[in-house]
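For reference, the structure is listed below as structure tokens.
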Amino acid sequence: MSTQLPQDITTQIDKFLAKFPDDQRQSAVISSLFVVQNNNGGWLSTELMDAVADYIGMPKIAVYEVASFYSLFDLEEVGKHKIYLCTNIACMLRGSKSIAQYLQSKLNIKFNETTADGKVTLKSAECLGACGGAPMLQLDDQYHENLTFERIDALLEELD
Ligand code: FES
């Protein structure tokens, strides 16, 4: 039997669907997947992607393609918090490499890994559009710019 999305989720998806004509329901797929992911501990299972496909009325494979293309979606379990460190050119020129080494050593993980306590998943990201604040990272849905080792220490200490 296929997974059904709970009503509080479909209510949120319906708001996105209402923005598009009936024959363009697939235009709401990214927003829908984002809602579902946020309500599933930050990741999307195949069953949940299938449920989104069924609800929107688009082929499952097309939903998988979207979810696997965008780095904001995770298809495996993640930690309670996600850190996306930008490693693109502006951030690289302003020291993201040493920030990456520092973060990896502080968390004792590499990119695409989760800490043993399940608290943090570390990812690298392409340009997140905040080059003026390079080097920068995204922690959950917040940007943190002009990173230093001290700022990293403070961010990690503040995590619940
Ligand atoms: S290169 Fe890092 S935000 Fe643009």
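A note on labels: chains of the structure tokens are A, B, ... as shown, every chain counts residues from 1, and ligands are counted from 1 in their shown order.
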
- Query: Mind listing the residues within 6 Å of ligand 1, only C-alpha atoms and all ligand atoms counted, as a list in words?
  - Reply: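 These are the residues that qualify: Cys86, Asn88, Ile89, Ala90, Cys91, Cys127, Leu128, Gly129, Ala130, Cys131 and Ala134 of chain A.
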
Got time to write the residues from that selection, all heavy atoms, as a PDB file, in the first residue's frame?
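Ended up saving to result27.pdb:
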ATOM      1  N   CYS A  86      29.783  26.729   1.857  1.00  0.00           N
ATOM      2  CA  CYS A  86      30.019  27.091   0.452  1.00  0.00           C
ATOM      3  C   CYS A  86      31.498  26.948   0.140  1.00  0.00           C
ATOM      4  O   CYS A  86      32.350  27.476   0.861  1.00  0.00           O
ATOM      5  CB  CYS A  86      29.561  28.525   0.185  1.00  0.00           C
ATOM      6  SG  CYS A  86      29.922  28.999  -1.517  1.00  0.00           S
ATOM      7  N   ASN A  88      32.516  27.431  -3.182  1.00  0.00           N
ATOM      8  CA  ASN A  88      32.685  27.996  -4.515  1.00  0.00           C
ATOM      9  C   ASN A  88      33.703  29.140  -4.479  1.00  0.00           C
ATOM     10  O   ASN A  88      34.248  29.465  -3.441  1.00  0.00           O
ATOM     11  CB  ASN A  88      31.326  28.437  -5.069  1.00  0.00           C
ATOM     12  CG  ASN A  88      31.271  28.258  -6.570  1.00  0.00           C
ATOM     13  OD1 ASN A  88      32.163  28.692  -7.278  1.00  0.00           O
ATOM     14  ND2 ASN A  88      30.228  27.629  -7.057  1.00  0.00           N
ATOM     15  N   ILE A  89      33.909  29.774  -5.652  1.00  0.00           N
ATOM     16  CA  ILE A  89      35.103  30.585  -5.865  1.00  0.00           C
ATOM     17  C   ILE A  89      35.289  31.732  -4.873  1.00  0.00           C
ATOM     18  O   ILE A  89      36.369  31.886  -4.300  1.00  0.00           O
ATOM     19  CB  ILE A  89      35.169  31.087  -7.339  1.00  0.00           C
ATOM     20  CG1 ILE A  89      36.491  31.748  -7.636  1.00  0.00           C
ATOM     21  CG2 ILE A  89      33.993  31.965  -7.686  1.00  0.00           C
ATOM     22  CD1 ILE A  89      37.626  30.787  -7.732  1.00  0.00           C
ATOM     23  N   ALA A  90      34.257  32.544  -4.640  1.00  0.00           N
ATOM     24  CA  ALA A  90      34.440  33.693  -3.735  1.00  0.00           C
ATOM     25  C   ALA A  90      34.776  33.208  -2.328  1.00  0.00           C
ATOM     26  O   ALA A  90      35.667  33.751  -1.659  1.00  0.00           O
ATOM     27  CB  ALA A  90      33.193  34.567  -3.728  1.00  0.00           C
ATOM     28  N   CYS A  91      34.063  32.189  -1.883  1.00  0.00           N
ATOM     29  CA  CYS A  91      34.323  31.656  -0.540  1.00  0.00           C
ATOM     30  C   CYS A  91      35.696  30.989  -0.481  1.00  0.00           C
ATOM     31  O   CYS A  91      36.406  31.103   0.520  1.00  0.00           O
ATOM     32  CB  CYS A  91      33.211  30.691  -0.140  1.00  0.00           C
ATOM     33  SG  CYS A  91      31.652  31.552   0.214  1.00  0.00           S
ATOM     34  N   CYS A 127      27.878  27.958  -4.895  1.00  0.00           N
ATOM     35  CA  CYS A 127      27.575  29.331  -4.474  1.00  0.00           C
ATOM     36  C   CYS A 127      26.150  29.459  -3.927  1.00  0.00           C
ATOM     37  O   CYS A 127      25.187  29.108  -4.594  1.00  0.00           O
ATOM     38  CB  CYS A 127      27.765  30.276  -5.643  1.00  0.00           C
ATOM     39  SG  CYS A 127      27.409  31.977  -5.199  1.00  0.00           S
ATOM     40  N   LEU A 128      26.054  29.964  -2.706  1.00  0.00           N
ATOM     41  CA  LEU A 128      24.741  30.152  -2.072  1.00  0.00           C
ATOM     42  C   LEU A 128      24.256  31.588  -2.214  1.00  0.00           C
ATOM     43  O   LEU A 128      23.306  32.001  -1.546  1.00  0.00           O
ATOM     44  CB  LEU A 128      24.814  29.733  -0.599  1.00  0.00           C
ATOM     45  CG  LEU A 128      25.007  28.223  -0.376  1.00  0.00           C
ATOM     46  CD1 LEU A 128      25.294  27.900   1.080  1.00  0.00           C
ATOM     47  CD2 LEU A 128      23.788  27.435  -0.855  1.00  0.00           C
ATOM     48  N   GLY A 129      24.920  32.339  -3.071  1.00  0.00           N
ATOM     49  CA  GLY A 129      24.437  33.683  -3.406  1.00  0.00           C
ATOM     50  C   GLY A 129      24.729  34.727  -2.348  1.00  0.00           C
ATOM     51  O   GLY A 129      24.064  35.768  -2.322  1.00  0.00           O
ATOM     52  N   ALA A 130      25.683  34.467  -1.492  1.00  0.00           N
ATOM     53  CA  ALA A 130      26.034  35.450  -0.457  1.00  0.00           C
ATOM     54  C   ALA A 130      27.534  35.728  -0.528  1.00  0.00           C
ATOM     55  O   ALA A 130      28.217  35.813   0.496  1.00  0.00           O
ATOM     56  CB  ALA A 130      25.633  34.932   0.909  1.00  0.00           C
ATOM     57  N   CYS A 131      28.038  35.861  -1.759  1.00  0.00           N
ATOM     58  CA  CYS A 131      29.488  35.991  -1.975  1.00  0.00           C
ATOM     59  C   CYS A 131      30.066  37.192  -1.228  1.00  0.00           C
ATOM     60  O   CYS A 131      31.223  37.172  -0.831  1.00  0.00           O
ATOM     61  CB  CYS A 131      29.800  36.127  -3.458  1.00  0.00           C
ATOM     62  SG  CYS A 131      28.928  34.953  -4.489  1.00  0.00           S
ATOM     63  N   ALA A 134      31.524  36.216   2.029  1.00  0.00           N
ATOM     64  CA  ALA A 134      32.397  35.037   1.996  1.00  0.00           C
ATOM     65  C   ALA A 134      33.517  35.146   3.040  1.00  0.00           C
ATOM     66  O   ALA A 134      33.991  36.261   3.282  1.00  0.00           O
ATOM     67  CB  ALA A 134      33.010  34.906   0.602  1.00  0.00           C
TER      68      ALA A 134
END

- Test item: residues at most 12 Å from segment 7-16 of chain A, only C-alpha atoms, excluding those fewer than 5 positions along its chain, as JSON, numbers by chain: {"A": [21, 22, 24, 25, 26, 27, 28, 29, 30, 31, 32, 33, 34, 35, 36, 37, 38, 39, 40, 48, 51, 52, 53, 54, 55, 56]}

- How many Å separate atom CA of Thr114 of chain A from atom CA of Val78 of chain A?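 Atom CA of Val78 of chain A lies at a distance of 6.6 Å from atom CA of Thr114 of chain A.
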
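Candidate residues A:Leu159, A:Ala67, A:Leu137, A:Met58 were compared for distance to Lys119 of chain A, and the nearest is A:Leu159, using only C-alpha atoms.
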
- Note on the structure: A straight line from atom CA of His81 of chain A to atom CA of Leu107 of chain A spans 12.3 Å

- Spatial neighbours of Thr115 of chain A, max dist 12 Å, only C-alpha atoms, sep filter under 2 positions, as a ChimeraX atom specification: /A:78-83,103-113,117-123

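Considering only C-alpha atoms, the residue among A:Ser68, A:Ser2, A:Ser96, A:Thr87 positioned nearest to Leu147 of chain A is A:Ser96.
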
- Query: So which one's closest to Glu65 of chain A, A:Thr148, A:Thr46, A:Asp141, A:Leu5? Using only C-alpha atoms, please.
  - Reply: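 Distance minimum relative to Glu65 of chain A lands on A:Thr46.
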
- Closest to Ser45 of chain A among A:Gln138, A:Ser71, A:Thr3, A:Gln101, using only C-alpha atoms? A:Thr3
